[in-house]
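What's in entry.pdb: PDB, C-alpha atoms, pLDDT in the B column
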```pdb
ATOM      1  CA  PHE N  26       0.000   0.000   0.000  1.00 40.00           C
ATOM      2  CA  LEU N  27       0.976   3.628  -0.407  1.00 44.00           C
ATOM      3  CA  LEU N  28       1.983   5.886   2.471  1.00 44.00           C
ATOM      4  CA  LEU N  29       1.244   9.583   1.973  1.00 47.00           C
ATOM      5  CA  TRP N  30       2.572  12.491   3.998  1.00 46.00           C
ATOM      6  CA  LEU N  31       0.157  15.417   4.011  1.00 46.00           C
ATOM      7  CA  PRO N  32       0.788  18.817   5.590  1.00 47.00           C
ATOM      8  CA  VAL N  33      -1.600  19.561   8.437  1.00 44.00           C
ATOM      9  CA  VAL N  34      -2.290  23.168   9.395  1.00 45.00           C
ATOM     10  CA  MET N  35      -2.311  23.981  13.136  1.00 42.00           C
ATOM     11  CA  GLY N  36      -0.279  20.882  14.018  1.00 45.00           C
ATOM     12  CA  GLY N  37      -3.193  18.511  14.688  1.00 44.00           C
ATOM     13  CA  PRO N  38      -2.761  14.791  14.083  1.00 47.00           C
ATOM     14  CA  LEU N  39      -4.133  13.318  10.862  1.00 46.00           C
ATOM     15  CA  ARG N  40      -5.936   9.989  10.581  1.00 49.00           C
ATOM     16  CA  VAL N  41      -6.800   8.229   7.309  1.00 48.00           C
ATOM     17  CA  PRO N  42      -9.771   5.953   8.087  1.00 48.00           C
ATOM     18  CA  SER N  43     -10.251   4.310   4.709  1.00 46.00           C
ATOM     19  CA  LEU N  44      -8.452   3.997   1.424  1.00 46.00           C
ATOM     20  CA  SER N  45     -10.071   2.774  -1.762  1.00 42.00           C
ATOM     21  CA  ARG N  46      -9.669   3.393  -5.462  1.00 40.00           C
ATOM     22  CA  ASP N  47     -12.584   5.804  -5.635  1.00 41.00           C
ATOM     23  CA  ARG N  48     -12.013   7.898  -2.499  1.00 44.00           C
ATOM     24  CA  ILE N  49      -9.723   8.625   0.388  1.00 45.00           C
ATOM     25  CA  GLY N  50     -11.488   9.412   3.647  1.00 47.00           C
ATOM     26  CA  ILE N  51      -9.632  11.732   6.022  1.00 47.00           C
ATOM     27  CA  GLN N  52     -10.493  12.525   9.615  1.00 47.00           C
ATOM     28  CA  LEU N  53      -8.863  15.346  11.560  1.00 45.00           C
ATOM     29  CA  ARG N  54      -8.561  15.653  15.310  1.00 46.00           C
ATOM     30  CA  GLY N  55      -8.158  18.726  17.450  1.00 45.00           C
ATOM     31  CA  LYS N  56      -7.659  22.043  15.672  1.00 43.00           C
ATOM     32  CA  ALA N  57      -6.273  20.555  12.471  1.00 45.00           C
ATOM     33  CA  SER N  58      -7.474  21.946   9.160  1.00 45.00           C
ATOM     34  CA  LEU N  59      -7.177  20.958   5.521  1.00 43.00           C
ATOM     35  CA  ARG N  60      -7.770  24.486   4.268  1.00 46.00           C
ATOM     36  CA  GLY N  61      -5.708  25.033   1.158  1.00 45.00           C
ATOM     37  CA  CYS N  62      -5.076  21.351   0.447  1.00 46.00           C
ATOM     38  CA  VAL N  63      -5.854  20.285  -3.106  1.00 45.00           C
ATOM     39  CA  GLY N  64      -8.562  17.723  -3.821  1.00 43.00           C
ATOM     40  CA  VAL N  65     -10.337  17.702  -0.467  1.00 39.00           C
ATOM     41  CA  THR N  66     -14.059  17.779  -1.108  1.00 37.00           C
ATOM     42  CA  GLN N  67     -15.627  16.058   1.878  1.00 37.00           C
ATOM     43  CA  ILE N  68     -14.637  14.863   5.311  1.00 36.00           C
ATOM     44  CA  GLU N  69     -16.794  12.119   6.754  1.00 45.00           C
ATOM     45  CA  GLU N  70     -16.605   9.534   9.483  1.00 61.00           C
ATOM     46  CA  GLY N  71     -17.627   5.951   8.961  1.00 64.00           C
ATOM     47  CA  PRO N  72     -20.051   3.974  11.088  1.00 75.00           C
ATOM     48  CA  VAL N  73     -19.029   2.444  14.398  1.00 85.00           C
ATOM     49  CA  ILE N  74     -19.014  -1.317  13.911  1.00 88.00           C
ATOM     50  CA  GLU N  75     -18.878  -3.573  16.975  1.00 89.00           C
ATOM     51  CA  LYS N  76     -18.315  -6.899  15.236  1.00 92.00           C
ATOM     52  CA  VAL N  77     -18.416  -8.830  12.006  1.00 94.00           C
ATOM     53  CA  ILE N  78     -19.901 -12.329  12.131  1.00 95.00           C
ATOM     54  CA  LEU N  79     -19.129 -15.110   9.669  1.00 95.00           C
ATOM     55  CA  TYR N  80     -21.565 -18.020   9.622  1.00 96.00           C
ATOM     56  CA  THR N  81     -19.771 -21.088   8.347  1.00 95.00           C
ATOM     57  CA  LYS N  82     -19.662 -24.883   8.496  1.00 93.00           C
ATOM     58  CA  SER N  83     -16.910 -27.490   8.353  1.00 90.00           C
ATOM     59  CA  GLU N  84     -15.646 -28.731   5.015  1.00 90.00           C
ATOM     60  CA  CYS N  85     -16.570 -25.463   3.297  1.00 91.00           C
ATOM     61  CA  PRO N  86     -13.733 -24.078   1.117  1.00 93.00           C
ATOM     62  CA  LEU N  87     -15.654 -20.852   0.362  1.00 92.00           C
ATOM     63  CA  CYS N  88     -16.079 -20.310   4.109  1.00 92.00           C
ATOM     64  CA  SER N  89     -12.334 -20.698   4.703  1.00 92.00           C
ATOM     65  CA  THR N  90     -11.509 -18.294   1.888  1.00 92.00           C
ATOM     66  CA  LEU N  91     -13.943 -15.671   3.142  1.00 93.00           C
ATOM     67  CA  GLU N  92     -12.679 -16.058   6.721  1.00 94.00           C
ATOM     68  CA  ARG N  93      -9.080 -15.410   5.575  1.00 93.00           C
ATOM     69  CA  ARG N  94     -10.249 -12.397   3.557  1.00 93.00           C
ATOM     70  CA  LEU N  95     -12.157 -10.945   6.541  1.00 93.00           C
ATOM     71  CA  GLN N  96      -9.222 -11.515   8.893  1.00 94.00           C
ATOM     72  CA  GLY N  97      -6.936  -9.817   6.377  1.00 92.00           C
ATOM     73  CA  LEU N  98      -9.238  -6.772   6.280  1.00 91.00           C
ATOM     74  CA  LEU N  99      -9.263  -6.512  10.058  1.00 91.00           C
ATOM     75  CA  ASP N 100      -5.479  -6.924  10.195  1.00 92.00           C
ATOM     76  CA  ARG N 101      -5.059  -4.181   7.572  1.00 91.00           C
ATOM     77  CA  ALA N 102      -7.374  -1.906   9.591  1.00 89.00           C
ATOM     78  CA  GLN N 103      -4.874  -2.011  12.459  1.00 88.00           C
ATOM     79  CA  TYR N 104      -2.338  -0.198  10.250  1.00 88.00           C
ATOM     80  CA  LEU N 105      -4.671   1.831   8.027  1.00 86.00           C
ATOM     81  CA  PRO N 106      -7.404   3.018  10.381  1.00 83.00           C
ATOM     82  CA  SER N 107     -10.925   2.559   9.045  1.00 85.00           C
ATOM     83  CA  PRO N 108     -14.383   1.795  10.420  1.00 87.00           C
ATOM     84  CA  LEU N 109     -13.087  -1.795  10.726  1.00 88.00           C
ATOM     85  CA  THR N 110     -10.370  -0.817  13.211  1.00 87.00           C
ATOM     86  CA  ASN N 111     -10.888  -2.635  16.549  1.00 88.00           C
ATOM     87  CA  VAL N 112     -13.747  -4.725  15.142  1.00 90.00           C
ATOM     88  CA  GLU N 113     -14.149  -8.235  16.500  1.00 91.00           C
ATOM     89  CA  LEU N 114     -14.523 -11.129  14.054  1.00 94.00           C
ATOM     90  CA  GLN N 115     -16.771 -13.942  15.271  1.00 95.00           C
ATOM     91  CA  VAL N 116     -16.797 -17.178  13.309  1.00 96.00           C
ATOM     92  CA  ARG N 117     -19.937 -19.193  14.042  1.00 95.00           C
ATOM     93  CA  ASP N 118     -20.357 -22.806  12.978  1.00 95.00           C
ATOM     94  CA  ILE N 119     -24.028 -23.198  12.013  1.00 95.00           C
ATOM     95  CA  THR N 120     -23.993 -26.870  12.989  1.00 94.00           C
ATOM     96  CA  SER N 121     -23.553 -25.886  16.653  1.00 95.00           C
ATOM     97  CA  ASN N 122     -26.858 -23.984  16.828  1.00 94.00           C
ATOM     98  CA  ASN N 123     -30.211 -25.156  15.445  1.00 95.00           C
ATOM     99  CA  VAL N 124     -31.461 -21.609  14.813  1.00 94.00           C
ATOM    100  CA  TRP N 125     -28.390 -20.756  12.718  1.00 94.00           C
ATOM    101  CA  LYS N 126     -28.578 -24.116  10.949  1.00 94.00           C
ATOM    102  CA  GLU N 127     -32.222 -23.585  10.012  1.00 94.00           C
ATOM    103  CA  LYS N 128     -31.615 -19.997   8.930  1.00 93.00           C
ATOM    104  CA  TYR N 129     -28.351 -20.367   6.957  1.00 93.00           C
ATOM    105  CA  ALA N 130     -28.024 -24.071   6.011  1.00 88.00           C
ATOM    106  CA  SER N 131     -28.190 -23.484   2.260  1.00 89.00           C
ATOM    107  CA  GLN N 132     -26.467 -20.080   2.257  1.00 91.00           C
ATOM    108  CA  VAL N 133     -23.093 -20.393   4.003  1.00 91.00           C
ATOM    109  CA  PRO N 134     -20.835 -18.562   4.091  1.00 94.00           C
ATOM    110  CA  VAL N 135     -22.899 -15.647   5.397  1.00 94.00           C
ATOM    111  CA  VAL N 136     -21.404 -12.374   6.627  1.00 94.00           C
ATOM    112  CA  ALA N 137     -23.272 -10.212   9.120  1.00 94.00           C
ATOM    113  CA  VAL N 138     -22.312  -6.896  10.685  1.00 94.00           C
ATOM    114  CA  VAL N 139     -23.309  -5.483  14.074  1.00 91.00           C
ATOM    115  CA  PRO N 140     -23.237  -1.668  14.045  1.00 88.00           C
ATOM    116  CA  GLU N 141     -23.077   0.070  17.418  1.00 84.00           C
ATOM    117  CA  GLY N 142     -26.501   0.137  19.048  1.00 82.00           C
ATOM    118  CA  ASN N 143     -28.140  -2.046  16.368  1.00 83.00           C
ATOM    119  CA  ASP N 144     -28.969  -5.666  15.739  1.00 88.00           C
ATOM    120  CA  GLU N 145     -27.110  -7.945  13.389  1.00 91.00           C
ATOM    121  CA  ILE N 146     -27.523  -7.128   9.677  1.00 91.00           C
ATOM    122  CA  VAL N 147     -26.722  -9.679   6.972  1.00 93.00           C
ATOM    123  CA  VAL N 148     -24.293  -8.318   4.370  1.00 92.00           C
ATOM    124  CA  ASP N 149     -25.253  -9.084   0.775  1.00 89.00           C
ATOM    125  CA  VAL N 150     -21.934 -10.320  -0.617  1.00 87.00           C
ATOM    126  CA  LEU N 151     -20.737 -13.206  -2.751  1.00 86.00           C
ATOM    127  CA  PRO N 152     -18.080 -15.507  -1.215  1.00 82.00           C
ATOM    128  CA  LYS N 153     -15.495 -14.769  -3.935  1.00 84.00           C
ATOM    129  CA  VAL N 154     -15.657 -10.971  -3.491  1.00 88.00           C
ATOM    130  CA  THR N 155     -12.410  -8.970  -3.448  1.00 89.00           C
ATOM    131  CA  ALA N 156     -11.168  -7.621  -0.111  1.00 89.00           C
ATOM    132  CA  ASP N 157     -11.718  -3.970  -1.111  1.00 90.00           C
ATOM    133  CA  LYS N 158     -15.270  -4.632  -2.298  1.00 92.00           C
ATOM    134  CA  LEU N 159     -15.980  -6.637   0.871  1.00 91.00           C
ATOM    135  CA  GLU N 160     -14.798  -3.718   3.016  1.00 91.00           C
ATOM    136  CA  ARG N 161     -16.982  -1.229   1.103  1.00 91.00           C
ATOM    137  CA  VAL N 162     -20.069  -3.463   1.343  1.00 92.00           C
ATOM    138  CA  ILE N 163     -19.598  -4.065   5.087  1.00 91.00           C
ATOM    139  CA  ILE N 164     -19.178  -0.339   5.779  1.00 90.00           C
ATOM    140  CA  SER N 165     -22.121   0.686   3.575  1.00 89.00           C
ATOM    141  CA  THR N 166     -24.366  -1.969   5.169  1.00 89.00           C
ATOM    142  CA  ALA N 167     -23.446  -0.698   8.640  1.00 87.00           C
ATOM    143  CA  SER N 168     -24.008   2.914   7.525  1.00 86.00           C
ATOM    144  CA  SER N 169     -27.478   2.130   6.207  1.00 83.00           C
ATOM    145  CA  SER N 170     -28.591   1.012   9.668  1.00 71.00           C
ATOM    146  CA  LYS N 171     -28.492   4.563  11.087  1.00 61.00           C
TER     147      LYS N 171
END
```
As structure tokens, please, write out the structure in this file.
Amino acid sequence: FLLLWLPVVMGGPLRVPSLSRDRIGIQLRGKASLRGCVGVTQIEEGPVIEKVILYTKSECPLCSTLERRLQGLLDRAQYLPSPLTNVELQVRDITSNNVWKEKYASQVPVVAVVPEGNDEIVVDVLPKVTADKLERVIISTASSSK
């Protein structure tokens, strides 16, 4: 990934919460300002996400792939702060719970997100999705719950 050094007016720390091909989100703390910086059109914060849940079952290659992809996103968020920073990943085996088994038996792997103060929301995503697309879909699903 690319590391950028940006000048910050007033000496406040700068935090880059999400990087994607179509936008760079920037959050400022304290008295920092981006006045005079080129290309800044909007400053926005992402949703607060408590956890991401992956419903899976044994002997499921798509489940394993999606679990690695989700863990990679959360690991990346530790170095490139985003709404996925400090999010817990729960992997739930549907065979251990009859409710989950009845609900998701023919659909695994299933990804769900739990935004702060809300119930679990199933994320509409295909198992072979790219990591960047998965991150965008998780964040937009959590944002839509507000």
**Request:** Please write as a list in words the full residue list that the PyMOL selection byres ((chain N and resi 113) around 9) yields on this file.
**Result:** Ile74, Glu75, Lys76, Val77, Ile78, Leu99, Leu109, Thr110, Asn111, Val112, Leu114 and Gln115 of chain N
**Asked** Taking (-13.8, -15.6, 8.9) in the file's coordinates, which residues come within 6 Å, counting all atoms listed in the file, written as a PyMOL selection string?
**Response** chain N and resi 79+91-93+95+116
**Prompt:** So how far away is atom CA of Pro140 of chain N from atom CA of Thr166 of chain N, in Å?
**Reply:**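 According to the coordinates, atom CA of Thr166 of chain N and atom CA of Pro140 of chain N are separated by 9.0 Å.
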Taking all atoms of segment 132-143 of chain N that the file lists and extending 6 Å past them on each side, where is the centre of the axis-aligned box and how long are its edges? Answer in Å to one decimal, as lines of an AutoDock Vina configuration file.
```
center_x = -24.5
center_y = -10.1
center_z = 10.7
size_x = 19.3
size_y = 32.5
size_z = 28.8
```
**Request:** Go through N:Ile119, N:Ala102, N:Ala156, N:Val133 and flag the residue nearest Pro86 of chain N, using only C-alpha atoms for the distances.
**Result:** N:Val133
**Message:** For a test of reading the model, state the distance in Å between atom CA of Val139 of chain N and atom CA of Ala167 of chain N, rounded to one decimal.
**Reply:** 7.2 Å
Distance query 12 Å from (-12.1, -10.8, -3.9) using only C-alpha atoms, result as a CSV table (one decimal) with C-alpha atoms, in the frame of the given file:
```csv
chain,number,residue,atom,x,y,z
N,87,LEU,CA,-15.7,-20.9,0.4
N,90,THR,CA,-11.5,-18.3,1.9
N,91,LEU,CA,-13.9,-15.7,3.1
N,92,GLU,CA,-12.7,-16.1,6.7
N,93,ARG,CA,-9.1,-15.4,5.6
N,94,ARG,CA,-10.2,-12.4,3.6
N,95,LEU,CA,-12.2,-10.9,6.5
N,97,GLY,CA,-6.9,-9.8,6.4
N,98,LEU,CA,-9.2,-6.8,6.3
N,150,VAL,CA,-21.9,-10.3,-0.6
N,151,LEU,CA,-20.7,-13.2,-2.8
N,152,PRO,CA,-18.1,-15.5,-1.2
N,153,LYS,CA,-15.5,-14.8,-3.9
N,154,VAL,CA,-15.7,-11.0,-3.5
N,155,THR,CA,-12.4,-9.0,-3.4
N,156,ALA,CA,-11.2,-7.6,-0.1
N,157,ASP,CA,-11.7,-4.0,-1.1
N,158,LYS,CA,-15.3,-4.6,-2.3
N,159,LEU,CA,-16.0,-6.6,0.9
N,160,GLU,CA,-14.8,-3.7,3.0
N,161,ARG,CA,-17.0,-1.2,1.1
```
**Item:** Within 12 Å of Ser121 of chain N using only C-alpha atoms, minus same-chain residues under 4 positions, as a count of residues only
**Value:** 10
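Taking atom CA of Lys128 of chain N as the reference point, atom CA of Gln96 of chain N is found at 23.9 Å.
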**Message:** Using only C-alpha atoms for the distances, tell me which of N:Ser165, N:Cys85, N:Pro106, N:Ser170 is nearest to Asn143 of chain N.
**Reply:**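 When distances to Asn143 of chain N are compared using only C-alpha atoms, the smallest one comes from N:Ser170.
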Where atoms are absent from segment 72-83 of chain N, fill them in so it carries all heavy atoms, then output it as an mmCIF file, keeping the file's coordinate frame.
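For reference, selection27.cif as written:
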```
data_model
loop_
_atom_site.group_PDB
_atom_site.id
_atom_site.type_symbol
_atom_site.label_atom_id
_atom_site.label_comp_id
_atom_site.auth_asym_id
_atom_site.auth_seq_id
_atom_site.Cartn_x
_atom_site.Cartn_y
_atom_site.Cartn_z
ATOM 1 N N PRO N 72 -19.227 4.481 9.991
ATOM 2 C CA PRO N 72 -20.051 3.974 11.088
ATOM 3 C C PRO N 72 -19.186 3.294 12.145
ATOM 4 O O PRO N 72 -18.073 2.889 11.872
ATOM 5 C CB PRO N 72 -20.947 2.956 10.393
ATOM 6 C CG PRO N 72 -20.120 2.467 9.254
ATOM 7 C CD PRO N 72 -19.346 3.670 8.787
ATOM 8 N N VAL N 73 -19.719 3.188 13.349
ATOM 9 C CA VAL N 73 -19.029 2.444 14.398
ATOM 10 C C VAL N 73 -19.551 1.005 14.339
ATOM 11 O O VAL N 73 -20.739 0.762 14.504
ATOM 12 C CB VAL N 73 -19.288 3.058 15.786
ATOM 13 C CG1 VAL N 73 -18.628 2.227 16.871
ATOM 14 C CG2 VAL N 73 -18.789 4.500 15.822
ATOM 15 N N ILE N 74 -18.653 0.088 14.058
ATOM 16 C CA ILE N 74 -19.014 -1.317 13.911
ATOM 17 C C ILE N 74 -18.452 -2.083 15.103
ATOM 18 O O ILE N 74 -17.257 -2.007 15.379
ATOM 19 C CB ILE N 74 -18.458 -1.888 12.586
ATOM 20 C CG1 ILE N 74 -19.006 -1.099 11.394
ATOM 21 C CG2 ILE N 74 -18.785 -3.377 12.456
ATOM 22 C CD1 ILE N 74 -18.356 -1.445 10.074
ATOM 23 N N GLU N 75 -19.320 -2.802 15.813
ATOM 24 C CA GLU N 75 -18.878 -3.573 16.975
ATOM 25 C C GLU N 75 -18.224 -4.886 16.568
ATOM 26 O O GLU N 75 -17.188 -5.252 17.088
ATOM 27 C CB GLU N 75 -20.051 -3.854 17.909
ATOM 28 C CG GLU N 75 -20.556 -2.620 18.612
ATOM 29 C CD GLU N 75 -21.723 -2.907 19.535
ATOM 30 O OE1 GLU N 75 -22.053 -4.093 19.764
ATOM 31 O OE2 GLU N 75 -22.306 -1.935 20.033
ATOM 32 N N LYS N 76 -18.885 -5.619 15.650
ATOM 33 C CA LYS N 76 -18.315 -6.899 15.236
ATOM 34 C C LYS N 76 -18.823 -7.311 13.870
ATOM 35 O O LYS N 76 -19.858 -6.845 13.400
ATOM 36 C CB LYS N 76 -18.582 -7.999 16.258
ATOM 37 C CG LYS N 76 -20.018 -8.311 16.505
ATOM 38 C CD LYS N 76 -20.138 -9.350 17.619
ATOM 39 C CE LYS N 76 -21.459 -9.205 18.325
ATOM 40 N NZ LYS N 76 -21.565 -9.997 19.512
ATOM 41 N N VAL N 77 -18.046 -8.193 13.264
ATOM 42 C CA VAL N 77 -18.416 -8.830 12.006
ATOM 43 C C VAL N 77 -18.541 -10.316 12.315
ATOM 44 O O VAL N 77 -17.681 -10.895 12.974
ATOM 45 C CB VAL N 77 -17.355 -8.586 10.910
ATOM 46 C CG1 VAL N 77 -17.672 -9.393 9.672
ATOM 47 C CG2 VAL N 77 -17.255 -7.110 10.577
ATOM 48 N N ILE N 78 -19.634 -10.918 11.857
ATOM 49 C CA ILE N 78 -19.901 -12.329 12.131
ATOM 50 C C ILE N 78 -19.852 -13.100 10.815
ATOM 51 O O ILE N 78 -20.431 -12.654 9.818
ATOM 52 C CB ILE N 78 -21.284 -12.507 12.788
ATOM 53 C CG1 ILE N 78 -21.373 -11.682 14.077
ATOM 54 C CG2 ILE N 78 -21.573 -13.977 13.057
ATOM 55 C CD1 ILE N 78 -22.775 -11.531 14.611
ATOM 56 N N LEU N 79 -19.164 -14.221 10.826
ATOM 57 C CA LEU N 79 -19.129 -15.110 9.669
ATOM 58 C C LEU N 79 -19.781 -16.426 10.065
ATOM 59 O O LEU N 79 -19.308 -17.122 10.963
ATOM 60 C CB LEU N 79 -17.687 -15.358 9.211
ATOM 61 C CG LEU N 79 -17.509 -16.370 8.076
ATOM 62 C CD1 LEU N 79 -18.200 -15.882 6.800
ATOM 63 C CD2 LEU N 79 -16.041 -16.634 7.828
ATOM 64 N N TYR N 80 -20.898 -16.727 9.421
ATOM 65 C CA TYR N 80 -21.565 -18.020 9.622
ATOM 66 C C TYR N 80 -20.961 -19.007 8.639
ATOM 67 O O TYR N 80 -20.904 -18.740 7.440
ATOM 68 C CB TYR N 80 -23.072 -17.895 9.412
ATOM 69 C CG TYR N 80 -23.741 -17.084 10.491
ATOM 70 C CD1 TYR N 80 -24.005 -15.731 10.312
ATOM 71 C CD2 TYR N 80 -24.096 -17.672 11.703
ATOM 72 C CE1 TYR N 80 -24.615 -14.988 11.305
ATOM 73 C CE2 TYR N 80 -24.705 -16.932 12.709
ATOM 74 C CZ TYR N 80 -24.957 -15.588 12.499
ATOM 75 O OH TYR N 80 -25.547 -14.850 13.494
ATOM 76 N N THR N 81 -20.517 -20.136 9.147
ATOM 77 C CA THR N 81 -19.771 -21.088 8.347
ATOM 78 C C THR N 81 -20.139 -22.514 8.752
ATOM 79 O O THR N 81 -20.955 -22.726 9.649
ATOM 80 C CB THR N 81 -18.260 -20.838 8.519
ATOM 81 O OG1 THR N 81 -17.541 -21.707 7.667
ATOM 82 C CG2 THR N 81 -17.805 -21.012 9.945
ATOM 83 N N LYS N 82 -19.547 -23.478 8.096
ATOM 84 C CA LYS N 82 -19.662 -24.883 8.496
ATOM 85 C C LYS N 82 -18.374 -25.582 8.093
ATOM 86 O O LYS N 82 -17.599 -25.074 7.271
ATOM 87 C CB LYS N 82 -20.887 -25.550 7.872
ATOM 88 C CG LYS N 82 -20.891 -25.614 6.367
ATOM 89 C CD LYS N 82 -22.184 -26.232 5.870
ATOM 90 C CE LYS N 82 -22.232 -26.238 4.347
ATOM 91 N NZ LYS N 82 -23.493 -26.778 3.855
ATOM 92 N N SER N 83 -18.142 -26.756 8.667
ATOM 93 C CA SER N 83 -16.910 -27.490 8.353
ATOM 94 C C SER N 83 -16.952 -27.994 6.915
ATOM 95 O O SER N 83 -18.019 -28.137 6.321
ATOM 96 C CB SER N 83 -16.725 -28.654 9.332
ATOM 97 O OG SER N 83 -17.824 -29.525 9.237
#
```
